>>> print(open('upload14.cif').read())   # mmCIF, C-alpha atoms
data_work
#
loop_
_atom_site.label_atom_id
_atom_site.label_comp_id
_atom_site.auth_asym_id
_atom_site.auth_seq_id
_atom_site.Cartn_x
_atom_site.Cartn_y
_atom_site.Cartn_z
CA MET A 1 -1.64 41.71 62.21
CA PRO A 2 -4.03 44.70 62.47
CA SER A 3 -7.60 43.95 61.46
CA SER A 4 -7.49 46.03 58.26
CA TYR A 5 -4.57 43.99 56.96
CA HIS A 6 -6.10 40.75 58.16
CA ALA A 7 -9.32 41.52 56.26
CA ILE A 8 -7.70 41.82 52.83
CA PHE A 9 -6.29 38.31 53.13
CA ALA A 10 -9.78 36.85 53.35
CA ALA A 11 -9.66 36.69 49.55
CA PRO A 12 -8.73 33.17 48.39
CA GLY A 13 -5.15 32.87 47.20
CA SER A 14 -4.10 36.31 48.41
CA LYS A 15 -1.63 35.01 51.00
CA GLY A 16 0.04 32.80 48.42
CA PHE A 17 0.63 35.39 45.72
CA SER A 18 1.71 38.04 48.24
CA ALA A 19 4.27 35.62 49.72
CA ALA A 20 5.54 34.71 46.26
CA GLY A 21 5.79 38.42 45.49
CA LEU A 22 7.94 38.94 48.59
CA ILE A 23 10.46 36.36 47.41
CA GLY A 24 10.35 37.53 43.81
CA ARG A 25 11.00 41.14 44.81
CA MET A 26 14.05 40.47 46.96
CA PRO A 27 16.33 41.00 43.92
CA LEU A 28 14.94 44.54 43.70
CA ALA A 29 16.90 45.35 46.86
CA MET A 30 19.76 42.87 46.42
CA LEU A 31 20.89 42.95 42.81
CA GLY A 32 21.95 46.55 42.26
CA ILE A 33 23.69 46.97 45.61
CA GLY A 34 25.15 43.47 45.20
CA VAL A 35 26.71 44.42 41.89
CA VAL A 36 28.12 47.62 43.43
CA THR A 37 29.60 45.66 46.33
CA MET A 38 30.99 42.91 44.10
CA ILE A 39 32.64 45.21 41.55
CA SER A 40 34.05 47.54 44.19
CA GLN A 41 35.60 44.54 45.96
CA LEU A 42 37.03 43.02 42.79
CA THR A 43 38.29 46.23 41.18
CA GLY A 44 38.06 49.07 43.71
CA ARG A 45 36.34 51.17 41.02
CA TYR A 46 33.14 52.75 42.27
CA GLY A 47 32.66 54.48 38.94
CA LEU A 48 32.51 51.14 37.13
CA ALA A 49 30.32 49.66 39.88
CA GLY A 50 27.83 52.50 39.63
CA ALA A 51 27.85 52.41 35.83
CA LEU A 52 27.08 48.68 35.73
CA SER A 53 24.28 49.10 38.25
CA ALA A 54 22.98 51.99 36.17
CA THR A 55 23.12 49.91 32.99
CA LEU A 56 21.11 47.15 34.60
CA ALA A 57 18.52 49.65 35.80
CA MET A 58 18.33 51.43 32.44
CA SER A 59 17.86 48.14 30.62
CA ALA A 60 15.06 47.20 33.01
CA ALA A 61 13.53 50.62 32.38
CA VAL A 62 13.45 49.97 28.64
CA LEU A 63 12.33 46.33 28.75
CA GLY A 64 10.02 46.48 31.79
CA PRO A 65 7.03 48.30 30.23
CA TRP A 66 7.28 46.15 27.11
CA ILE A 67 7.19 42.97 29.22
CA SER A 68 4.26 44.29 31.25
CA ARG A 69 2.36 45.23 28.08
CA LEU A 70 2.75 41.62 26.94
CA VAL A 71 1.48 40.50 30.35
CA ASP A 72 -1.65 42.63 29.98
CA ARG A 73 -2.30 40.99 26.62
CA HIS A 74 -1.24 37.37 27.22
CA GLY A 75 -1.20 36.81 30.98
CA GLN A 76 1.50 36.63 33.64
CA ARG A 77 2.45 32.96 33.30
CA ARG A 78 3.11 33.02 29.56
CA VAL A 79 5.35 36.09 29.73
CA LEU A 80 7.08 36.12 33.11
CA ARG A 81 8.69 32.70 32.96
CA PRO A 82 10.76 33.17 29.78
CA ALA A 83 11.64 36.75 30.74
CA THR A 84 12.89 35.57 34.13
CA LEU A 85 15.03 32.81 32.65
CA ILE A 86 16.70 35.29 30.30
CA ALA A 87 17.40 37.69 33.18
CA ALA A 88 18.77 34.92 35.40
CA ALA A 89 21.13 33.70 32.67
CA ALA A 90 22.40 37.23 32.05
CA VAL A 91 23.08 37.89 35.74
CA VAL A 92 24.97 34.61 36.11
CA GLY A 93 27.02 35.55 33.04
CA LEU A 94 27.81 38.94 34.60
CA LEU A 95 28.96 37.34 37.85
CA VAL A 96 31.17 34.76 36.16
CA CYS A 97 32.81 37.31 33.87
CA ALA A 98 33.41 39.74 36.73
CA GLU A 99 35.07 37.04 38.81
CA GLN A 100 37.26 36.08 35.84
CA GLY A 101 38.35 39.65 35.18
CA ALA A 102 36.70 39.94 31.77
CA PRO A 103 36.86 43.24 29.84
CA ASP A 104 34.46 45.93 30.93
CA TRP A 105 32.42 45.83 27.73
CA ILE A 106 31.46 42.20 28.33
CA LEU A 107 30.18 43.10 31.79
CA PHE A 108 28.00 45.82 30.27
CA VAL A 109 26.58 43.36 27.72
CA PHE A 110 25.43 40.99 30.46
CA ALA A 111 24.15 43.87 32.60
CA THR A 112 21.99 44.92 29.67
CA GLY A 113 20.57 41.41 29.29
CA ALA A 114 19.76 41.30 32.99
CA GLY A 115 17.27 44.12 32.39
CA SER A 116 14.64 41.60 31.32
CA VAL A 117 13.89 40.98 34.99
CA PRO A 118 10.11 41.47 35.36
CA SER A 119 8.45 43.96 37.68
CA VAL A 120 7.14 41.45 40.21
CA GLY A 121 5.66 44.17 42.40
CA SER A 122 3.49 45.39 39.53
CA MET A 123 2.28 41.84 38.91
CA VAL A 124 1.23 41.40 42.54
CA ARG A 125 -0.48 44.80 42.70
CA ALA A 126 -2.36 43.95 39.51
CA ARG A 127 -3.73 40.85 41.28
CA TRP A 128 -4.90 42.95 44.21
CA ALA A 129 -6.52 45.42 41.79
CA ALA A 130 -8.38 42.58 40.09
CA ILE A 131 -9.63 41.18 43.41
CA TYR A 132 -10.71 44.49 44.95
CA GLN A 133 -11.84 46.38 41.87
CA GLY A 134 -14.17 49.15 43.02
CA ALA A 135 -13.36 48.69 46.74
CA SER A 136 -11.20 51.71 47.52
CA ARG A 137 -10.60 50.98 51.20
CA GLU A 138 -9.44 47.41 50.67
CA LEU A 139 -7.30 48.43 47.72
CA HIS A 140 -5.69 51.21 49.75
CA THR A 141 -4.83 48.70 52.47
CA ALA A 142 -3.56 46.17 49.93
CA TYR A 143 -1.30 48.73 48.27
CA SER A 144 -0.03 49.76 51.69
CA TRP A 145 0.71 46.13 52.52
CA GLU A 146 2.67 45.70 49.32
CA SER A 147 4.61 48.86 50.09
CA ILE A 148 5.48 47.32 53.47
CA ILE A 149 6.65 44.21 51.62
CA ASP A 150 8.82 46.40 49.39
CA GLU A 151 10.42 47.98 52.42
CA MET A 152 10.93 44.62 54.10
CA CYS A 153 12.90 43.66 51.02
CA PHE A 154 14.97 46.81 51.37
CA ILE A 155 15.52 46.16 55.07
CA PHE A 156 16.82 42.63 54.68
CA GLY A 157 17.95 42.60 51.03
CA PRO A 158 20.99 44.88 51.35
CA ILE A 159 21.99 43.24 54.65
CA VAL A 160 21.95 39.80 53.04
CA SER A 161 23.51 40.89 49.76
CA ILE A 162 26.34 43.00 51.18
CA GLY A 163 26.86 40.60 54.07
CA LEU A 164 27.25 37.54 51.84
CA SER A 165 29.46 39.35 49.33
CA THR A 166 31.81 40.58 52.05
CA ALA A 167 31.80 37.43 54.21
CA LEU A 168 31.84 34.66 51.57
CA PHE A 169 32.84 35.72 48.06
CA PRO A 170 32.09 38.88 46.03
CA ALA A 171 29.38 37.34 43.82
CA ALA A 172 27.48 35.64 46.66
CA GLY A 173 24.89 38.40 47.14
CA PRO A 174 23.86 38.80 43.49
CA LEU A 175 23.83 35.02 43.06
CA LEU A 176 21.31 34.58 45.86
CA ALA A 177 19.24 37.36 44.28
CA VAL A 178 18.96 35.22 41.14
CA VAL A 179 17.74 32.28 43.22
CA PHE A 180 15.07 34.46 44.85
CA LEU A 181 13.95 35.82 41.48
CA VAL A 182 13.49 32.43 39.82
CA THR A 183 11.82 30.91 42.88
CA GLY A 184 9.42 33.81 43.38
CA VAL A 185 8.34 34.09 39.76
CA LEU A 186 7.81 30.34 39.35
CA TRP A 187 5.73 30.25 42.53
CA LEU A 188 3.72 33.32 41.55
CA THR A 189 2.94 32.12 38.05
CA ALA A 190 1.94 28.69 39.35
CA GLN A 191 -1.01 30.36 41.12
CA ARG A 192 -3.43 30.57 38.20
CA GLY A 193 -6.56 31.22 40.27
CA THR A 194 -5.62 34.82 41.14
CA GLU A 195 -3.91 35.70 37.87
CA PRO A 196 -5.69 38.63 36.20
CA VAL A 197 -7.50 37.50 33.09
CA PRO A 198 -6.07 39.16 29.95
CA GLN A 199 -8.57 41.54 28.41
CA PRO A 200 -10.06 40.62 25.01
CA ARG A 201 -7.73 41.45 22.13
CA GLU A 202 -10.17 43.95 20.63
CA GLN A 203 -9.90 46.08 23.80
CA HIS A 204 -6.17 46.51 23.34
CA THR A 205 -4.84 49.31 21.20
CA GLY A 206 -1.34 50.09 20.09
CA ASP A 207 -1.27 53.12 22.34
CA SER A 208 0.95 53.19 25.38
CA ALA A 209 -0.36 53.81 28.87
CA LEU A 210 1.87 56.90 28.80
CA ARG A 211 -0.84 58.67 26.80
CA SER A 212 -2.31 59.51 30.19
CA PRO A 213 -1.07 63.00 31.22
CA GLY A 214 -1.33 62.05 34.88
CA LEU A 215 0.83 58.96 34.39
CA ARG A 216 3.48 61.03 32.63
CA VAL A 217 3.69 63.33 35.64
CA LEU A 218 4.06 60.37 37.99
CA VAL A 219 6.76 58.75 35.86
CA LEU A 220 8.80 61.94 35.47
CA THR A 221 8.60 62.63 39.19
CA PHE A 222 9.62 59.10 40.02
CA THR A 223 12.56 59.34 37.67
CA ALA A 224 13.91 62.10 39.85
CA THR A 225 12.92 60.19 42.99
CA GLY A 226 14.82 57.14 41.75
CA GLY A 227 17.91 59.31 41.64
CA ILE A 228 17.58 59.64 45.41
CA PHE A 229 17.50 55.89 45.96
CA GLY A 230 20.28 55.04 43.51
CA ALA A 231 22.62 57.69 44.84
CA ILE A 232 21.99 56.83 48.49
CA ASP A 233 22.88 53.18 47.91
CA VAL A 234 26.22 53.92 46.24
CA VAL A 235 27.24 56.80 48.49
CA THR A 236 26.34 54.96 51.70
CA VAL A 237 28.54 52.00 50.77
CA ALA A 238 31.41 54.39 50.04
CA PHE A 239 30.72 56.40 53.21
CA ALA A 240 30.83 53.25 55.35
CA GLU A 241 34.07 52.14 53.69
CA GLU A 242 35.68 55.52 54.33
CA HIS A 243 34.82 55.07 58.01
CA GLY A 244 36.31 51.57 58.06
CA HIS A 245 33.03 49.63 58.31
CA LYS A 246 31.94 48.76 54.78
CA ALA A 247 29.71 45.88 55.90
CA ALA A 248 27.78 48.31 58.12
CA ALA A 249 26.39 49.97 54.99
CA SER A 250 23.76 47.24 54.80
CA LEU A 251 22.56 48.07 58.32
CA VAL A 252 22.41 51.79 57.61
CA LEU A 253 20.42 51.21 54.42
CA ALA A 254 18.14 48.85 56.34
CA VAL A 255 17.37 51.66 58.80
CA TYR A 256 16.32 53.83 55.85
CA ALA A 257 13.93 51.09 54.71
CA LEU A 258 12.73 50.53 58.27
CA GLY A 259 11.53 54.12 58.53
CA SER A 260 9.57 53.69 55.32
CA CYS A 261 8.18 50.32 56.44
CA LEU A 262 6.84 51.69 59.73
CA ALA A 263 5.30 54.72 58.02
CA GLY A 264 3.67 52.48 55.42
CA MET A 265 2.22 50.22 58.09
CA VAL A 266 0.53 53.14 59.85
CA PHE A 267 -0.55 54.72 56.58
CA GLY A 268 -2.33 51.54 55.52
CA LEU A 269 -4.55 51.67 58.62
CA LEU A 270 -5.79 55.17 57.83
CA HIS A 271 -8.85 55.98 55.75
CA LEU A 272 -7.97 59.44 54.53
CA THR A 273 -10.24 61.88 52.74
CA GLY A 274 -9.32 64.72 50.44
CA PRO A 275 -7.49 64.67 47.12
CA ALA A 276 -4.91 61.91 46.79
CA ALA A 277 -2.95 64.17 44.43
CA ARG A 278 -2.45 66.69 47.22
CA ARG A 279 -1.14 64.00 49.61
CA TRP A 280 1.18 62.80 46.87
CA LEU A 281 2.57 66.30 46.31
CA VAL A 282 3.21 66.77 50.03
CA GLY A 283 4.95 63.40 50.18
CA VAL A 284 7.29 64.21 47.30
CA CYS A 285 8.22 67.58 48.80
CA VAL A 286 8.90 66.05 52.20
CA MET A 287 11.15 63.45 50.57
CA ALA A 288 13.11 66.26 48.96
CA VAL A 289 13.53 68.21 52.20
CA SER A 290 14.62 65.07 54.06
CA MET A 291 17.78 64.87 51.91
CA ILE A 292 19.20 68.03 53.49
CA PRO A 293 20.28 66.48 56.84
CA LEU A 294 22.36 63.86 55.00
CA GLN A 295 24.83 66.60 54.10
CA LEU A 296 25.53 67.15 57.80
CA ALA A 297 26.01 63.55 58.95
CA GLY A 298 29.61 63.01 59.97
CA SER A 299 29.37 59.47 61.32
CA LEU A 300 27.49 56.26 60.59
CA PRO A 301 25.13 56.55 63.60
CA LEU A 302 24.14 60.10 62.64
CA LEU A 303 23.70 59.01 59.04
CA ALA A 304 21.44 56.16 60.16
CA VAL A 305 19.24 58.57 62.13
CA ALA A 306 18.99 60.96 59.19
CA LEU A 307 18.08 58.13 56.82
CA PHE A 308 15.44 56.76 59.20
CA VAL A 309 13.72 60.14 59.26
CA ALA A 310 14.03 60.41 55.48
CA GLY A 311 12.43 57.00 55.06
CA LEU A 312 9.22 58.03 56.84
CA SER A 313 7.91 59.78 53.73
CA VAL A 314 8.76 57.07 51.22
CA ALA A 315 6.09 54.37 51.64
CA PRO A 316 3.09 56.74 51.98
CA THR A 317 4.17 58.47 48.77
CA MET A 318 4.56 55.14 46.97
CA VAL A 319 1.14 53.92 48.11
CA THR A 320 -0.54 57.09 46.92
CA THR A 321 1.30 56.88 43.61
CA MET A 322 -0.05 53.40 42.88
CA ALA A 323 -3.56 54.56 43.70
CA LEU A 324 -3.15 57.47 41.29
CA VAL A 325 -1.92 55.10 38.57
CA GLU A 326 -4.96 52.91 39.16
CA ALA A 327 -7.14 56.01 38.81
CA HIS A 328 -5.57 57.37 35.63
CA VAL A 329 -4.82 54.24 33.57
CA PRO A 330 -7.37 51.96 31.81
CA ARG A 331 -7.71 48.42 33.14
CA THR A 332 -6.40 46.97 29.88
CA LYS A 333 -3.10 48.77 30.55
CA LEU A 334 -2.95 48.66 34.35
CA THR A 335 0.10 46.39 34.69
CA GLU A 336 1.92 48.45 32.08
CA GLY A 337 0.97 51.66 33.88
CA MET A 338 2.26 50.39 37.22
CA THR A 339 5.45 49.22 35.55
CA TRP A 340 6.01 52.67 34.04
CA THR A 341 6.34 54.08 37.54
CA SER A 342 8.89 51.37 38.30
CA THR A 343 10.58 52.29 35.02
CA GLY A 344 10.82 55.90 36.11
CA LEU A 345 12.39 54.78 39.35
CA ALA A 346 14.79 52.48 37.47
CA VAL A 347 15.94 55.28 35.18
CA GLY A 348 16.42 57.53 38.19
CA VAL A 349 18.32 54.83 40.06
CA ALA A 350 20.55 54.41 37.01
CA LEU A 351 21.28 58.11 36.75
CA GLY A 352 21.63 58.57 40.50
CA SER A 353 23.93 55.61 41.08
CA SER A 354 26.11 56.50 38.11
CA ALA A 355 26.39 60.16 39.07
CA ALA A 356 27.04 59.28 42.69
CA GLY A 357 29.78 56.82 41.73
CA TRP A 358 31.64 59.42 39.73
CA VAL A 359 31.25 62.05 42.45
CA VAL A 360 32.54 59.63 45.09
CA ASP A 361 35.57 58.75 42.95
CA ALA A 362 36.29 62.43 42.33
CA ALA A 363 35.49 64.09 45.67
CA GLY A 364 34.71 61.45 48.32
CA ALA A 365 31.59 60.06 49.95
CA ARG A 366 30.55 63.19 51.85
CA ALA A 367 30.34 65.11 48.58
CA GLY A 368 28.32 62.27 47.08
CA TYR A 369 25.29 63.09 49.23
CA ALA A 370 24.78 66.21 47.14
CA VAL A 371 23.48 63.92 44.39
CA PRO A 372 20.34 62.70 46.25
CA ALA A 373 19.72 66.26 47.41
CA ALA A 374 19.73 67.48 43.82
CA ALA A 375 17.49 64.59 42.77
CA GLY A 376 15.02 65.40 45.53
CA ALA A 377 14.86 69.03 44.48
CA ALA A 378 14.20 67.97 40.88
CA ALA A 379 11.39 65.64 42.00
CA ALA A 380 9.71 68.43 43.95
CA VAL A 381 9.89 70.83 41.01
CA VAL A 382 8.38 68.30 38.58
CA ALA A 383 5.64 67.40 41.08
CA LEU A 384 4.71 71.05 41.59
CA LEU A 385 4.59 71.72 37.87
CA GLY A 386 2.53 68.61 37.13
CA TYR A 387 0.17 68.71 40.09
CA ARG A 388 -2.66 70.25 38.07
CA ARG A 389 -2.71 67.30 35.66
CA LEU A 390 -3.18 64.84 38.50
CA ARG A 391 -6.21 66.77 39.73
CA GLU A 392 -7.86 67.10 36.32
CA PRO A 393 -10.79 64.74 35.57
CA VAL A 394 -9.90 61.63 33.60
CA PRO A 395 -11.97 61.80 30.38
CA ILE A 396 -11.89 58.12 29.44
CA ARG A 397 -11.46 55.34 31.97
CA GLY A 398 -11.45 52.37 29.60
CA GLY A 399 -13.24 50.13 32.04
CA ARG A 400 -11.66 51.44 35.23
CA GLY A 401 -13.86 52.55 38.08
CA ALA A 402 -11.60 54.73 40.17
CA ASP A 403 -12.65 58.03 38.69
CA ASP A 404 -16.09 57.10 37.44
CA GLN A 405 -17.65 58.16 40.75
CA LYS A 406 -19.49 54.87 41.05
CA PRO A 407 -20.35 53.75 44.56
CA ASP A 408 -18.17 50.94 45.89
CA LYS A 409 -19.46 48.19 48.09
CA HIS A 410 -19.14 50.43 51.16
CA GLY A 411 -21.42 53.03 49.62
CA ASP A 412 -18.53 55.47 49.14
CA HIS A 413 -17.60 57.08 45.88
CA ASP A 414 -14.39 55.70 44.50
CA GLY A 415 -13.08 58.85 42.88
CA ARG A 416 -9.90 60.79 43.39
CA GLU A 417 -11.19 62.16 46.68
CA ARG A 418 -11.34 58.63 48.09
CA VAL A 419 -8.37 56.96 46.46
CA ALA A 420 -5.48 56.84 48.89
#
>>> encode(input="upload14.cif", output="structure tokens")
Amino acid sequence: MPSSYHAIFAAPGSKGFSAAGLIGRMPLAMLGIGVVTMISQLTGRYGLAGALSATLAMSAAVLGPWISRLVDRHGQRRVLRPATLIAAAAVVGLLVCAEQGAPDWILFVFATGAGSVPSVGSMVRARWAAIYQGASRELHTAYSWESIIDEMCFIFGPIVSIGLSTALFPAAGPLLAVVFLVTGVLWLTAQRGTEPVPQPREQHTGDSALRSPGLRVLVLTFTATGGIFGAIDVVTVAFAEEHGHKAAASLVLAVYALGSCLAGMVFGLLHLTGPAARRWLVGVCVMAVSMIPLQLAGSLPLLAVALFVAGLSVAPTMVTTMALVEAHVPRTKLTEGMTWTSTGLAVGVALGSSAAGWVVDAAGARAGYAVPAAAGAAAAVVALLGYRRLREPVPIRGGRGADDQKPDKHGDHDGRERVA
């Protein structure tokens, strides 16, 4: 492990909660694609598969910020455990009903309940933020590490989920995702020493973290970006099936995540200067442009190459986004703020997967890749229009230090010019 990454794990308990976060986040990459694979196998209806995946994502988008707001007020342990049990029960209900051929409306009810799955990545990043408050370099490396963990999930998650569902039985992939979720959350919440201390009640207001103009720009942009991810998952499964190798979809999607993982690993070793908002804007625009070659891929190997290149811009953009959230959101609402970006992604995934499913059913998989291209273009437009708000000074930090221009322990100023 490079020295920069090794250094952040000198903090007591950091290895434990990061490992628990890895397990708890596996469902992020397994559940949606597992539902798509399961439903398409059982019914052959990609439209229904995409709609159920979209419903799950939309429900998580609605419930996620509310759960995270409760976490900021009451702590991770008290909130995450009951939320996880509700989500696990709903997913199991969805799998059983799908296997039994239940009416579609029942499947949508359970998919809605499954949206109570907590944003484990936000919980882990909040722990890093609490440990390295005011230390921009360490926090940049920690966020990069967590982005690598995210991509590791997306490398192995689809392989495991699709592989199990095609080799064993249709519900095998989503079922294992439930096991990972429960195990990861229970392990994470058992580690009380690194759990961020809830802020005093008098510091909490009824206002949402979305009052921050900068956060609204990030969330809207990530809504469009989520459309890229949701559409690519559905269309790639259909594309692989059209070419007679449905199981290979997991490998192709893993290559996409691998590109992001490698880029994130390198990015975490850099100590960049200049406005983080500008790097973020460049990253979003590059992600949009990288969708164009997908329209030209006529085989699975060419598609894998195109997705690998597209993945190179993902992790650096995600890392910079989390740093911008940390800079624009008060500490009393940090977990909620981070979850709002995940919510934007979830909404985008819902819209993208649903739209892609209908396009695939109507015109085939090749036509489906127009959906992520359109989503990428939308993300770039929103980012360009909102860029000014991300560069504006933050008037009230509510206890945060990122934009207060206070020296960190390295003697640097921890403002937007240093946040990466």
>>> atom_distance(input="upload14.cif", atom1="CA of Val197 in chain A", atom2="CA of Gly337 in chain A")
16.5 Å
>>> resolve_selection(input="upload14.cif", expression="the PyMOL selection byres ((chain A and resi 227) around 12)", output="ChimeraX atom specification")
/A:54,57,220-226,228-235,287-288,291,344-356,369-379
>>> axis_aligned_box(input="upload14.cif", around="range 96-113 of chain A", padding_each_side="5 Å", output="lines of an AutoDock Vina configuration file")
center_x = 29.5
center_y = 40.3
center_z = 33.3
size_x = 27.8
size_y = 21.2
size_z = 21.1
>>> closest_residue(input="upload14.cif", among="A:Ser144, A:Ser161, A:Ser4, A:Ser136", to="Ser260 in chain A", atoms="all atoms listed in the file")
A:Ser144
>>> closest_residue(input="upload14.cif", among="A:Arg279, A:Arg73, A:Arg211, A:Arg25", to="Gly121 in chain A", atoms="all atoms listed in the file")
A:Arg25
>>> closest_atom_pairs(input="upload14.cif", of="range 168-242 of chain A", to="range 318-321 of chain A", cutoff="10 Å", atoms="only C-alpha atoms", output="tab-separated table")
residue	atom	partner	partner_atom	distance
A:Leu215	CA	A:Thr321	CA	9.5
A:Leu218	CA	A:Thr321	CA	7.2
A:Val219	CA	A:Thr321	CA	9.7
A:Phe222	CA	A:Thr321	CA	9.3
>>> closest_residue(input="upload14.cif", among="A:Ile86, A:Ala190, A:Ala126, A:Ile67", to="Ala20 in chain A", atoms="all atoms listed in the file")
A:Ala190
>>> resolve_selection(input="upload14.cif", expression="the PyMOL selection byres ((chain A and resi 32) around 9)", output="ChimeraX atom specification")
/A:27-31,33-37,50,52-54,56-57,174,230,233
>>> atom_distance(input="upload14.cif", atom1="CA of Ala135 in chain A", atom2="CA of Glu326 in chain A")
12.1 Å
>>> closest_residue(input="upload14.cif", among="A:Thr141, A:Ser119, A:Gln133, A:Thr341", to="His271 in chain A", atoms="all atoms listed in the file")
A:Thr141
>>> resolve_selection(input="upload14.cif", expression="the PyMOL selection byres ((chain A and resi 365) around 8)", output="PyMOL selection string")
chain A and resi 235-236+238-239+242+359-360+363-364+366-369
>>> residues_near_point(input="upload14.cif", point="(38.0, 41.3, 39.5)", cutoff="12 Å", atoms="all atoms listed in the file", output="list of chain:residue names")
A:Val35, A:Thr37, A:Met38, A:Ile39, A:Ser40, A:Gln41, A:Leu42, A:Thr43, A:Gly44, A:Arg45, A:Leu48, A:Ala49, A:Leu94, A:Leu95, A:Val96, A:Cys97, A:Ala98, A:Glu99, A:Gln100, A:Gly101, A:Ala102, A:Pro103, A:Asp104, A:Leu107, A:Phe169, A:Pro170, A:Ala171
